[in-house]
>>> print(open('structure14.cif').read())   # mmCIF, C-alpha atoms and all ligand atoms
data_query
loop_
_atom_site.group_PDB
_atom_site.id
_atom_site.type_symbol
_atom_site.label_atom_id
_atom_site.label_comp_id
_atom_site.auth_asym_id
_atom_site.auth_seq_id
_atom_site.Cartn_x
_atom_site.Cartn_y
_atom_site.Cartn_z
ATOM 1 C CA MET E 16 43.930 -44.758 -13.421
ATOM 2 C CA GLU E 17 46.906 -42.646 -14.314
ATOM 3 C CA LEU E 18 47.758 -40.692 -17.456
ATOM 4 C CA LYS E 19 51.358 -39.529 -17.825
ATOM 5 C CA VAL E 20 52.144 -36.849 -20.404
ATOM 6 C CA LEU E 21 55.244 -37.852 -22.372
ATOM 7 C CA GLY E 22 54.691 -35.126 -24.947
ATOM 8 C CA CYS E 23 51.938 -32.537 -25.532
ATOM 9 C CA SER E 24 53.453 -29.863 -27.750
ATOM 10 C CA GLY E 25 52.305 -28.847 -31.198
ATOM 11 C CA GLY E 26 55.920 -29.263 -32.332
ATOM 12 C CA ILE E 27 59.509 -29.959 -31.346
ATOM 13 C CA GLY E 28 62.508 -27.933 -30.184
ATOM 14 C CA SER E 29 64.258 -27.174 -26.883
ATOM 15 C CA GLY E 30 63.042 -30.360 -25.229
ATOM 16 C CA ARG E 31 59.468 -30.205 -26.464
ATOM 17 C CA HIS E 32 57.838 -33.433 -27.578
ATOM 18 C CA THR E 33 54.726 -34.094 -29.646
ATOM 19 C CA THR E 34 51.626 -35.900 -28.423
ATOM 20 C CA CYS E 35 52.096 -39.155 -26.557
ATOM 21 C CA PHE E 36 50.359 -40.094 -23.286
ATOM 22 C CA LEU E 37 51.068 -43.204 -21.210
ATOM 23 C CA LEU E 38 47.958 -44.706 -19.598
ATOM 24 C CA ASP E 39 49.053 -46.810 -16.634
ATOM 25 C CA ASP E 40 52.036 -48.722 -18.013
ATOM 26 C CA ASP E 41 50.649 -50.698 -20.945
ATOM 27 C CA ILE E 42 48.633 -48.277 -23.111
ATOM 28 C CA LEU E 43 49.734 -45.326 -25.228
ATOM 29 C CA ILE E 44 47.428 -42.626 -26.517
ATOM 30 C CA ASP E 45 49.109 -41.398 -29.711
ATOM 31 C CA ALA E 46 52.740 -42.086 -30.534
ATOM 32 C CA GLY E 47 54.389 -38.721 -31.177
ATOM 33 C CA THR E 48 57.990 -37.958 -30.260
ATOM 34 C CA GLY E 49 57.138 -38.206 -26.544
ATOM 35 C CA ILE E 50 57.451 -41.969 -27.005
ATOM 36 C CA THR E 51 61.231 -41.597 -27.277
ATOM 37 C CA ARG E 52 61.360 -40.672 -23.571
ATOM 38 C CA LEU E 53 60.413 -44.207 -22.501
ATOM 39 C CA SER E 54 63.053 -46.765 -21.557
ATOM 40 C CA HIS E 55 63.445 -49.885 -23.647
ATOM 41 C CA GLU E 56 61.755 -51.860 -20.868
ATOM 42 C CA GLN E 57 58.824 -49.428 -20.810
ATOM 43 C CA LEU E 58 58.510 -49.631 -24.600
ATOM 44 C CA THR E 59 58.436 -53.427 -24.415
ATOM 45 C CA ALA E 60 55.519 -53.269 -21.936
ATOM 46 C CA ILE E 61 53.230 -51.348 -24.324
ATOM 47 C CA ASP E 62 50.423 -53.708 -25.413
ATOM 48 C CA HIS E 63 47.937 -51.208 -26.906
ATOM 49 C CA ILE E 64 48.235 -47.937 -28.809
ATOM 50 C CA PHE E 65 45.184 -45.751 -29.458
ATOM 51 C CA LEU E 66 45.683 -43.231 -32.270
ATOM 52 C CA THR E 67 43.600 -40.096 -32.711
ATOM 53 C CA HIS E 68 44.580 -39.615 -36.372
ATOM 54 C CA SER E 69 47.285 -40.263 -38.917
ATOM 55 C CA HIS E 70 49.336 -37.055 -38.762
ATOM 56 C CA LEU E 71 53.051 -37.630 -38.230
ATOM 57 C CA ASP E 72 53.261 -35.690 -34.968
ATOM 58 C CA HIS E 73 50.907 -38.353 -33.515
ATOM 59 C CA VAL E 74 52.142 -41.570 -35.171
ATOM 60 C CA LEU E 75 55.846 -41.286 -35.943
ATOM 61 C CA GLY E 76 56.923 -43.310 -32.900
ATOM 62 C CA LEU E 77 54.798 -46.321 -33.863
ATOM 63 C CA PRO E 78 56.990 -47.784 -36.647
ATOM 64 C CA LEU E 79 60.111 -47.227 -34.551
ATOM 65 C CA LEU E 80 58.531 -48.845 -31.469
ATOM 66 C CA LEU E 81 57.689 -52.017 -33.413
ATOM 67 C CA ASP E 82 61.210 -52.262 -34.780
ATOM 68 C CA ALA E 83 62.721 -51.708 -31.335
ATOM 69 C CA VAL E 84 60.731 -54.243 -29.291
ATOM 70 C CA GLY E 85 58.823 -56.547 -31.688
ATOM 71 C CA ASP E 86 61.152 -59.520 -31.267
ATOM 72 C CA ARG E 87 61.136 -59.296 -27.460
ATOM 73 C CA ARG E 88 57.409 -59.390 -26.766
ATOM 74 C CA GLY E 89 55.969 -62.710 -27.890
ATOM 75 C CA LYS E 90 52.647 -61.043 -28.742
ATOM 76 C CA PRO E 91 51.656 -58.265 -31.107
ATOM 77 C CA VAL E 92 51.142 -54.628 -30.190
ATOM 78 C CA ILE E 93 47.487 -53.810 -30.910
ATOM 79 C CA VAL E 94 46.908 -50.495 -32.712
ATOM 80 C CA HIS E 95 43.384 -49.110 -32.210
ATOM 81 C CA ALA E 96 42.130 -46.311 -34.443
ATOM 82 C CA LEU E 97 39.330 -45.289 -36.754
ATOM 83 C CA PRO E 98 39.135 -47.641 -39.789
ATOM 84 C CA GLU E 99 39.966 -44.645 -42.017
ATOM 85 C CA THR E 100 43.114 -43.899 -40.006
ATOM 86 C CA LEU E 101 44.310 -47.513 -40.217
ATOM 87 C CA GLU E 102 43.761 -47.443 -43.971
ATOM 88 C CA ILE E 103 45.982 -44.365 -44.261
ATOM 89 C CA LEU E 104 48.698 -46.104 -42.220
ATOM 90 C CA SER E 105 48.417 -49.175 -44.479
ATOM 91 C CA ASP E 106 48.629 -47.170 -47.671
ATOM 92 C CA HIS E 107 51.232 -44.602 -46.751
ATOM 93 C CA LEU E 108 53.393 -45.865 -43.877
ATOM 94 C CA PHE E 109 53.466 -49.665 -43.527
ATOM 95 C CA ASN E 110 53.725 -50.119 -47.297
ATOM 96 C CA TRP E 111 57.241 -51.615 -47.548
ATOM 97 C CA LYS E 112 58.469 -48.303 -48.975
ATOM 98 C CA LEU E 113 58.371 -45.893 -46.076
ATOM 99 C CA TRP E 114 58.538 -48.773 -43.557
ATOM 100 C CA PRO E 115 58.109 -52.581 -43.561
ATOM 101 C CA ASP E 116 54.624 -53.935 -42.911
ATOM 102 C CA PHE E 117 55.062 -55.411 -39.451
ATOM 103 C CA ARG E 118 51.645 -57.064 -39.762
ATOM 104 C CA GLU E 119 53.528 -59.673 -41.818
ATOM 105 C CA ILE E 120 56.727 -59.837 -39.780
ATOM 106 C CA PRO E 121 57.950 -62.401 -38.921
ATOM 107 C CA ASP E 122 54.820 -63.886 -40.550
ATOM 108 C CA GLU E 123 51.109 -63.127 -40.848
ATOM 109 C CA SER E 124 50.039 -65.621 -38.184
ATOM 110 C CA ASN E 125 52.524 -64.311 -35.640
ATOM 111 C CA PRO E 126 53.003 -60.605 -36.362
ATOM 112 C CA TRP E 127 54.578 -57.867 -34.267
ATOM 113 C CA VAL E 128 51.547 -55.601 -34.747
ATOM 114 C CA ARG E 129 47.827 -56.002 -35.357
ATOM 115 C CA PHE E 130 45.369 -53.314 -36.408
ATOM 116 C CA SER E 131 42.070 -53.114 -34.539
ATOM 117 C CA PRO E 132 39.498 -50.826 -36.237
ATOM 118 C CA LEU E 133 37.473 -48.800 -33.725
ATOM 119 C CA PRO E 134 34.624 -47.005 -35.512
ATOM 120 C CA LEU E 135 33.290 -43.719 -34.161
ATOM 121 C CA GLY E 136 31.245 -44.236 -30.987
ATOM 122 C CA SER E 137 32.551 -47.727 -30.287
ATOM 123 C CA SER E 138 34.257 -48.785 -27.058
ATOM 124 C CA ILE E 139 36.757 -51.308 -25.874
ATOM 125 C CA GLU E 140 37.332 -52.407 -22.296
ATOM 126 C CA LEU E 141 40.837 -53.334 -21.145
ATOM 127 C CA VAL E 142 41.063 -54.545 -17.546
ATOM 128 C CA GLY E 143 38.584 -52.073 -16.066
ATOM 129 C CA ARG E 144 39.543 -49.202 -18.355
ATOM 130 C CA ARG E 145 36.983 -48.338 -21.022
ATOM 131 C CA LEU E 146 38.093 -46.325 -24.054
ATOM 132 C CA THR E 147 35.448 -44.877 -26.367
ATOM 133 C CA THR E 148 36.034 -42.977 -29.607
ATOM 134 C CA LEU E 149 34.591 -39.464 -29.793
ATOM 135 C CA PRO E 150 33.986 -37.240 -32.833
ATOM 136 C CA ALA E 151 36.578 -34.647 -33.836
ATOM 137 C CA HIS E 152 36.804 -32.194 -36.723
ATOM 138 C CA HIS E 153 40.214 -32.068 -38.393
ATOM 139 C CA VAL E 154 41.715 -32.112 -41.903
ATOM 140 C CA VAL E 155 41.984 -35.915 -41.891
ATOM 141 C CA PRO E 156 39.669 -38.485 -40.261
ATOM 142 C CA ALA E 157 40.198 -37.971 -36.522
ATOM 143 C CA CYS E 158 38.725 -38.909 -33.180
ATOM 144 C CA GLY E 159 39.115 -38.177 -29.520
ATOM 145 C CA TYR E 160 38.969 -40.673 -26.666
ATOM 146 C CA ARG E 161 36.885 -40.913 -23.520
ATOM 147 C CA ILE E 162 38.718 -42.968 -20.916
ATOM 148 C CA THR E 163 36.396 -44.171 -18.199
ATOM 149 C CA GLY E 164 37.379 -45.714 -14.904
ATOM 150 C CA GLN E 165 35.614 -46.221 -11.602
ATOM 151 C CA SER E 166 35.651 -42.532 -10.635
ATOM 152 C CA GLY E 167 34.637 -40.913 -13.908
ATOM 153 C CA SER E 168 35.822 -39.983 -17.378
ATOM 154 C CA LEU E 169 38.776 -38.180 -18.849
ATOM 155 C CA VAL E 170 38.418 -36.929 -22.422
ATOM 156 C CA PHE E 171 41.276 -36.199 -24.798
ATOM 157 C CA THR E 172 40.000 -34.503 -27.957
ATOM 158 C CA GLY E 173 43.057 -35.037 -30.154
ATOM 159 C CA ASP E 174 43.469 -32.438 -32.904
ATOM 160 C CA THR E 175 40.173 -30.712 -33.612
ATOM 161 C CA THR E 176 38.466 -27.472 -34.397
ATOM 162 C CA SER E 177 34.863 -26.680 -33.426
ATOM 163 C CA SER E 178 32.634 -29.736 -33.513
ATOM 164 C CA ASP E 179 28.914 -29.881 -32.761
ATOM 165 C CA ALA E 180 29.104 -33.672 -32.523
ATOM 166 C CA LEU E 181 31.880 -33.513 -29.939
ATOM 167 C CA MET E 182 30.028 -30.942 -27.831
ATOM 168 C CA HIS E 183 26.883 -33.081 -27.887
ATOM 169 C CA ALA E 184 28.905 -36.089 -26.770
ATOM 170 C CA LEU E 185 30.537 -34.118 -23.942
ATOM 171 C CA ASN E 186 27.192 -32.735 -22.785
ATOM 172 C CA ASP E 187 25.771 -36.266 -22.701
ATOM 173 C CA MET E 188 28.417 -37.399 -20.204
ATOM 174 C CA GLY E 189 27.408 -37.350 -16.575
ATOM 175 C CA ASP E 190 30.877 -38.091 -15.255
ATOM 176 C CA LEU E 191 33.305 -35.828 -17.157
ATOM 177 C CA ARG E 192 36.114 -34.917 -14.744
ATOM 178 C CA GLU E 193 39.069 -34.007 -16.951
ATOM 179 C CA LEU E 194 39.012 -32.457 -20.440
ATOM 180 C CA ILE E 195 42.222 -32.251 -22.459
ATOM 181 C CA ILE E 196 41.463 -30.068 -25.475
ATOM 182 C CA GLU E 197 43.721 -28.444 -27.999
ATOM 183 C CA THR E 198 44.454 -24.824 -28.825
ATOM 184 C CA SER E 199 47.209 -24.754 -31.425
ATOM 185 C CA PHE E 200 47.470 -21.091 -32.371
ATOM 186 C CA GLU E 201 46.930 -17.627 -30.926
ATOM 187 C CA ASN E 202 44.197 -15.384 -32.348
ATOM 188 C CA GLU E 203 46.583 -13.589 -34.685
ATOM 189 C CA LEU E 204 47.145 -16.884 -36.529
ATOM 190 C CA ARG E 205 43.436 -17.588 -36.873
ATOM 191 C CA ASP E 206 43.705 -18.059 -40.662
ATOM 192 C CA ILE E 207 46.279 -20.824 -40.247
ATOM 193 C CA ALA E 208 44.150 -22.430 -37.533
ATOM 194 C CA VAL E 209 41.108 -22.377 -39.827
ATOM 195 C CA ALA E 210 43.066 -23.835 -42.758
ATOM 196 C CA SER E 211 44.573 -26.603 -40.633
ATOM 197 C CA GLN E 212 41.365 -27.180 -38.613
ATOM 198 C CA HIS E 213 42.694 -26.498 -35.155
ATOM 199 C CA HIS E 214 41.371 -24.317 -32.327
ATOM 200 C CA TRP E 215 42.510 -20.778 -31.519
ATOM 201 C CA PRO E 216 41.538 -18.954 -28.289
ATOM 202 C CA ASP E 217 38.392 -17.285 -29.668
ATOM 203 C CA SER E 218 37.102 -20.554 -31.147
ATOM 204 C CA LEU E 219 37.766 -22.481 -27.940
ATOM 205 C CA ALA E 220 36.058 -19.791 -25.855
ATOM 206 C CA GLN E 221 32.994 -20.072 -28.070
ATOM 207 C CA GLU E 222 33.082 -23.872 -27.850
ATOM 208 C CA LEU E 223 33.359 -23.951 -24.051
ATOM 209 C CA ARG E 224 30.350 -21.656 -23.679
ATOM 210 C CA ARG E 225 28.322 -24.626 -24.958
ATOM 211 C CA LEU E 226 29.797 -27.064 -22.409
ATOM 212 C CA LYS E 227 27.325 -27.683 -19.587
ATOM 213 C CA SER E 228 29.610 -29.480 -17.141
ATOM 214 C CA ARG E 229 32.626 -28.105 -15.295
ATOM 215 C CA PRO E 230 35.567 -30.478 -15.741
ATOM 216 C CA ARG E 231 39.163 -29.394 -15.201
ATOM 217 C CA ILE E 232 40.329 -28.095 -18.587
ATOM 218 C CA TRP E 233 43.830 -28.809 -19.852
ATOM 219 C CA ILE E 234 45.135 -27.089 -22.981
ATOM 220 C CA THR E 235 47.371 -29.137 -25.265
ATOM 221 C CA HIS E 236 49.100 -28.989 -28.693
ATOM 222 C CA LEU E 237 50.291 -25.373 -28.378
ATOM 223 C CA LYS E 238 52.550 -24.132 -31.150
ATOM 224 C CA PRO E 239 56.192 -24.003 -29.954
ATOM 225 C CA GLY E 240 57.227 -20.506 -28.908
ATOM 226 C CA ASN E 241 53.636 -19.227 -28.842
ATOM 227 C CA GLU E 242 52.573 -20.989 -25.632
ATOM 228 C CA ASP E 243 52.460 -17.937 -23.351
ATOM 229 C CA ALA E 244 50.486 -15.840 -25.839
ATOM 230 C CA ILE E 245 47.939 -18.602 -26.404
ATOM 231 C CA VAL E 246 47.413 -19.217 -22.682
ATOM 232 C CA ALA E 247 47.144 -15.474 -21.929
ATOM 233 C CA GLU E 248 44.478 -15.059 -24.607
ATOM 234 C CA LEU E 249 42.584 -18.094 -23.318
ATOM 235 C CA ARG E 250 42.606 -16.815 -19.706
ATOM 236 C CA GLN E 251 41.367 -13.432 -20.883
ATOM 237 C CA ARG E 252 38.502 -14.874 -22.922
ATOM 238 C CA ILE E 253 37.495 -17.739 -20.653
ATOM 239 C CA ALA E 254 37.531 -16.055 -17.277
ATOM 240 C CA ASP E 255 34.850 -18.255 -15.711
ATOM 241 C CA ARG E 256 36.732 -21.534 -16.049
ATOM 242 C CA ASP E 257 39.898 -22.989 -14.619
ATOM 243 C CA ILE E 258 42.185 -23.168 -17.658
ATOM 244 C CA ARG E 259 45.490 -24.984 -17.249
ATOM 245 C CA GLN E 260 48.287 -25.591 -19.707
ATOM 246 C CA LEU E 261 49.061 -29.301 -19.990
ATOM 247 C CA ALA E 262 52.748 -29.917 -19.269
ATOM 248 C CA GLN E 263 55.226 -32.540 -20.266
ATOM 249 C CA ASP E 264 55.756 -35.054 -17.409
ATOM 250 C CA GLN E 265 52.450 -34.122 -15.841
ATOM 251 C CA VAL E 266 50.456 -36.952 -14.323
ATOM 252 C CA ILE E 267 46.657 -36.849 -14.165
ATOM 253 C CA GLU E 268 45.003 -39.358 -11.836
ATOM 254 C CA TRP E 269 41.281 -39.953 -11.746
HETATM 255 ZN ZN ZN E 301 46.684 -33.216 -36.849
HETATM 256 ZN ZN ZN E 302 48.904 -32.675 -34.162
#
>>> encode(input="structure14.cif", output="structure tokens", more="lines below")
Ligand SMILES: [Zn+2]
Ligand SMILES: [Zn+2]
Amino acid sequence: MELKVLGCSGGIGSGRHTTCFLLDDDILIDAGTGITRLSHEQLTAIDHIFLTHSHLDHVLGLPLLLDAVGDRRGKPVIVHALPETLEILSDHLFNWKLWPDFREIPDESNPWVRFSPLPLGSSIELVGRRLTTLPAHHVVPACGYRITGQSGSLVFTGDTTSSDALMHALNDMGDLRELIIETSFENELRDIAVASQHHWPDSLAQELRRLKSRPRIWITHLKPGNEDAIVAELRQRIADRDIRQLAQDQVIEW
């Protein structure tokens, strides 16, 4: 299994793109601005999109993707997310005001997109790849994903601050190999991190002390321009683990 990072920044500017990962060639995890780096052919091949939450930096490519390739596919794109997240998309995005409701285009029996609610803790298996929702703690309903293949699990937390439920879930996994977890702000911006329910280096250090396994740890969703400061603070506070900054175009195989 292969995960390619199309975007992993907490914002845009100077070539940075927001969260969008390509799993093999037919699944997207989140649909931030990283999606715009795919060719039209690659966009047409996307059959499933798993969303962590409804924030624009994670979903803004979805309406544009449907418009770009819907008439070329012959089958709908399936959007998997928490029921609460899909409700937000229904109410505030695909509402015929901000964007047409492609669940009814060209008609309801043959739409360009279908929503597939995935409650917390539930799994779906797609050709040998199992995706399971994990708890997260953010300002809107949010989840992470565990992606399990033959050689173990990769976890992407999505946007989150400290979460007992997530740490319990991670400590219950016997096969955690890769952990992609966010740290959005440096310690100086702790108040903003608390208000927006993201991690900062001190909070992540505290969280990782509770993690019993030793996966490779990839840091994502860093605020643009503050990347070096965040990573330096993390390395200083988490000296006993191998901390790596997730990079655009990086490929993780497991
Ligand atoms: Zn968010
Ligand atoms: Zn975000």
>>> atom_distance(input="structure14.cif", atom1="CA of Leu249 in chain E", atom2="CA of Val209 in chain E")
17.1 Å
>>> resolve_selection(input="structure14.cif", expression="the PyMOL selection byres (((chain E and resi 134) around 9) and not hetatm)", output="list of chain:residue names")
E:Ala96, E:Leu97, E:Pro98, E:Glu99, E:Pro132, E:Leu133, E:Leu135, E:Gly136, E:Ser137, E:Ser138, E:Thr148
>>> residues_around(input="structure14.cif", residues="range 250-262 of chain E", least_positions_apart="2", cutoff="6 Å", atoms="only C-alpha atoms", output="list in words")
Ala220, Ile232, Trp233, Ile234, Thr235, Ala247, Glu248 and Gln265 of chain E
>>> residues_around(input="structure14.cif", residues="His32 in chain E", least_positions_apart="5", cutoff="7 Å", atoms="only C-alpha atoms", output="number ranges by chain")
E: 22-24, 26-27, 48-49
>>> write_last_selection(input="structure14.cif", atoms="C-alpha atoms", output="PDB file, keeping the file's coordinate frame")
ATOM      1  CA  GLY E  22      54.691 -35.126 -24.947  1.00  0.00           C
ATOM      2  CA  CYS E  23      51.938 -32.537 -25.532  1.00  0.00           C
ATOM      3  CA  SER E  24      53.453 -29.863 -27.750  1.00  0.00           C
ATOM      4  CA  GLY E  26      55.920 -29.263 -32.332  1.00  0.00           C
ATOM      5  CA  ILE E  27      59.509 -29.959 -31.346  1.00  0.00           C
ATOM      6  CA  THR E  48      57.990 -37.958 -30.260  1.00  0.00           C
ATOM      7  CA  GLY E  49      57.138 -38.206 -26.544  1.00  0.00           C
TER       8      GLY E  49
END
>>> axis_aligned_box(input="structure14.cif", around="range 49-67 of chain E", padding_each_side="4 Å", output="JSON")
{"center_x": 53.5, "center_y": -46.0, "center_z": -26.8, "size_x": 27.8, "size_y": 23.5, "size_z": 19.9}
>>> residues_near_ligand(input="structure14.cif", ligand="ligand ZN 302 (chain E)", cutoff="9 Å", atoms="only C-alpha atoms and all ligand atoms", output="list of chain:residue names")
E:Ser24, E:Gly25, E:Gly26, E:Thr33, E:Thr34, E:Gly47, E:His68, E:His70, E:Leu71, E:Asp72, E:His73, E:Gly173, E:Asp174, E:Thr175, E:Ser199, E:His213, E:His236
>>> write_last_selection(input="structure14.cif", atoms="C-alpha atoms", output="PDB file, in the coordinates of the input")
ATOM      1  CA  SER E  24      53.453 -29.863 -27.750  1.00  0.00           C
ATOM      2  CA  GLY E  25      52.305 -28.847 -31.198  1.00  0.00           C
ATOM      3  CA  GLY E  26      55.920 -29.263 -32.332  1.00  0.00           C
ATOM      4  CA  THR E  33      54.726 -34.094 -29.646  1.00  0.00           C
ATOM      5  CA  THR E  34      51.626 -35.900 -28.423  1.00  0.00           C
ATOM      6  CA  GLY E  47      54.389 -38.721 -31.177  1.00  0.00           C
ATOM      7  CA  HIS E  68      44.580 -39.615 -36.372  1.00  0.00           C
ATOM      8  CA  HIS E  70      49.336 -37.055 -38.762  1.00  0.00           C
ATOM      9  CA  LEU E  71      53.051 -37.630 -38.230  1.00  0.00           C
ATOM     10  CA  ASP E  72      53.261 -35.690 -34.968  1.00  0.00           C
ATOM     11  CA  HIS E  73      50.907 -38.353 -33.515  1.00  0.00           C
ATOM     12  CA  GLY E 173      43.057 -35.037 -30.154  1.00  0.00           C
ATOM     13  CA  ASP E 174      43.469 -32.438 -32.904  1.00  0.00           C
ATOM     14  CA  THR E 175      40.173 -30.712 -33.612  1.00  0.00           C
ATOM     15  CA  SER E 199      47.209 -24.754 -31.425  1.00  0.00           C
ATOM     16  CA  HIS E 213      42.694 -26.498 -35.155  1.00  0.00           C
ATOM     17  CA  HIS E 236      49.100 -28.989 -28.693  1.00  0.00           C
TER      18      HIS E 236
END
>>> atom_distance(input="structure14.cif", atom1="CA of Thr51 in chain E", atom2="CA of Ala83 in chain E")
11.0 Å
>>> atom_distance(input="structure14.cif", atom1="CA of Leu191 in chain E", atom2="CA of Leu141 in chain E")
19.5 Å
>>> residues_around(input="structure14.cif", residues="Asp45 in chain E", least_positions_apart="2", cutoff="7 Å", atoms="only C-alpha atoms", output="PDB file with C-alpha atoms, in the coordinates of the input")
ATOM      1  CA  THR E  34      51.626 -35.900 -28.423  1.00  0.00           C
ATOM      2  CA  CYS E  35      52.096 -39.155 -26.557  1.00  0.00           C
ATOM      3  CA  PHE E  36      50.359 -40.094 -23.286  1.00  0.00           C
ATOM      4  CA  LEU E  43      49.734 -45.326 -25.228  1.00  0.00           C
ATOM      5  CA  GLY E  47      54.389 -38.721 -31.177  1.00  0.00           C
ATOM      6  CA  ILE E  64      48.235 -47.937 -28.809  1.00  0.00           C
ATOM      7  CA  PHE E  65      45.184 -45.751 -29.458  1.00  0.00           C
ATOM      8  CA  LEU E  66      45.683 -43.231 -32.270  1.00  0.00           C
ATOM      9  CA  THR E  67      43.600 -40.096 -32.711  1.00  0.00           C
ATOM     10  CA  HIS E  73      50.907 -38.353 -33.515  1.00  0.00           C
ATOM     11  CA  VAL E  74      52.142 -41.570 -35.171  1.00  0.00           C
TER      12      VAL E  74
END
>>> residues_around(input="structure14.cif", residues="Arg118 in chain E", least_positions_apart="2", cutoff="7 Å", atoms="only C-alpha atoms", output="PyMOL selection string")
chain E and resi 116+120+123+126-129
>>> closest_residue(input="structure14.cif", among="E:Pro150, E:Pro156, E:Gly89, E:Pro239", to="ligand ZN 301 (chain E)", atoms="only C-alpha atoms and all ligand atoms")
E:Pro156
>>> closest_residue(input="structure14.cif", among="E:Pro91, E:Ile50, E:Val142, E:Lys19", to="Leu79 in chain E", atoms="all atoms listed in the file")
E:Ile50
>>> resolve_selection(input="structure14.cif", expression="the PyMOL selection byres (((chain E and resi 61) around 7) and not hetatm)", output="VMD selection string")
chain E and resid 40 to 42 57 to 60 62 to 63
>>> residues_around(input="structure14.cif", residues="Ser177 in chain E", least_positions_apart="6", cutoff="9 Å", atoms="only C-alpha atoms", output="PyMOL selection string")
chain E and resi 151-152+212-214+218-219+221-222
>>> closest_residue(input="structure14.cif", among="E:Leu113, E:Ile44, E:Val94, E:Val155", to="ligand ZN 301 (chain E)", atoms="all atoms listed in the file")
E:Val155
>>> resolve_selection(input="structure14.cif", expression="the PyMOL selection byres (((chain E and resi 245) around 8) and not hetatm)", output="count of residues only")
16
>>> decode(input="structure14.cif", residues="range 20-25 of chain E", atoms="all heavy atoms", output="mmCIF file, in the first residue's frame")
data_model
loop_
_atom_site.group_PDB
_atom_site.id
_atom_site.type_symbol
_atom_site.label_atom_id
_atom_site.label_comp_id
_atom_site.auth_asym_id
_atom_site.auth_seq_id
_atom_site.Cartn_x
_atom_site.Cartn_y
_atom_site.Cartn_z
ATOM 1 N N VAL E 20 1.729 12.034 -0.442
ATOM 2 C CA VAL E 20 1.321 13.304 0.164
ATOM 3 C C VAL E 20 1.216 14.364 -0.935
ATOM 4 O O VAL E 20 2.227 14.799 -1.484
ATOM 5 C CB VAL E 20 2.339 13.739 1.238
ATOM 6 C CG1 VAL E 20 1.944 15.091 1.826
ATOM 7 C CG2 VAL E 20 2.447 12.689 2.331
ATOM 8 N N LEU E 21 0.002 14.771 -1.240
ATOM 9 C CA LEU E 21 -0.215 15.837 -2.228
ATOM 10 C C LEU E 21 -0.176 17.205 -1.559
ATOM 11 O O LEU E 21 0.189 18.199 -2.179
ATOM 12 C CB LEU E 21 -1.555 15.635 -2.938
ATOM 13 C CG LEU E 21 -1.729 14.291 -3.664
ATOM 14 C CD1 LEU E 21 -3.160 14.146 -4.186
ATOM 15 C CD2 LEU E 21 -0.733 14.174 -4.809
ATOM 16 N N GLY E 22 -0.563 17.244 -0.308
ATOM 17 C CA GLY E 22 -0.515 18.464 0.488
ATOM 18 C C GLY E 22 -0.571 18.096 1.952
ATOM 19 O O GLY E 22 -1.264 17.144 2.326
ATOM 20 N N CYS E 23 0.185 18.814 2.811
ATOM 21 C CA CYS E 23 0.179 18.495 4.249
ATOM 22 C C CYS E 23 0.437 19.732 5.085
ATOM 23 O O CYS E 23 0.809 19.632 6.248
ATOM 24 C CB CYS E 23 1.206 17.412 4.565
ATOM 25 S SG CYS E 23 2.894 17.877 4.152
ATOM 26 N N SER E 24 0.227 20.907 4.497
ATOM 27 C CA SER E 24 0.498 22.141 5.236
ATOM 28 C C SER E 24 -0.756 22.603 5.975
ATOM 29 O O SER E 24 -1.875 22.283 5.578
ATOM 30 C CB SER E 24 0.962 23.229 4.269
ATOM 31 O OG SER E 24 1.163 24.445 4.969
ATOM 32 N N GLY E 25 -0.538 23.403 7.006
ATOM 33 C CA GLY E 25 -1.654 24.029 7.694
ATOM 34 C C GLY E 25 -2.197 25.231 6.938
ATOM 35 O O GLY E 25 -3.134 25.875 7.392
#
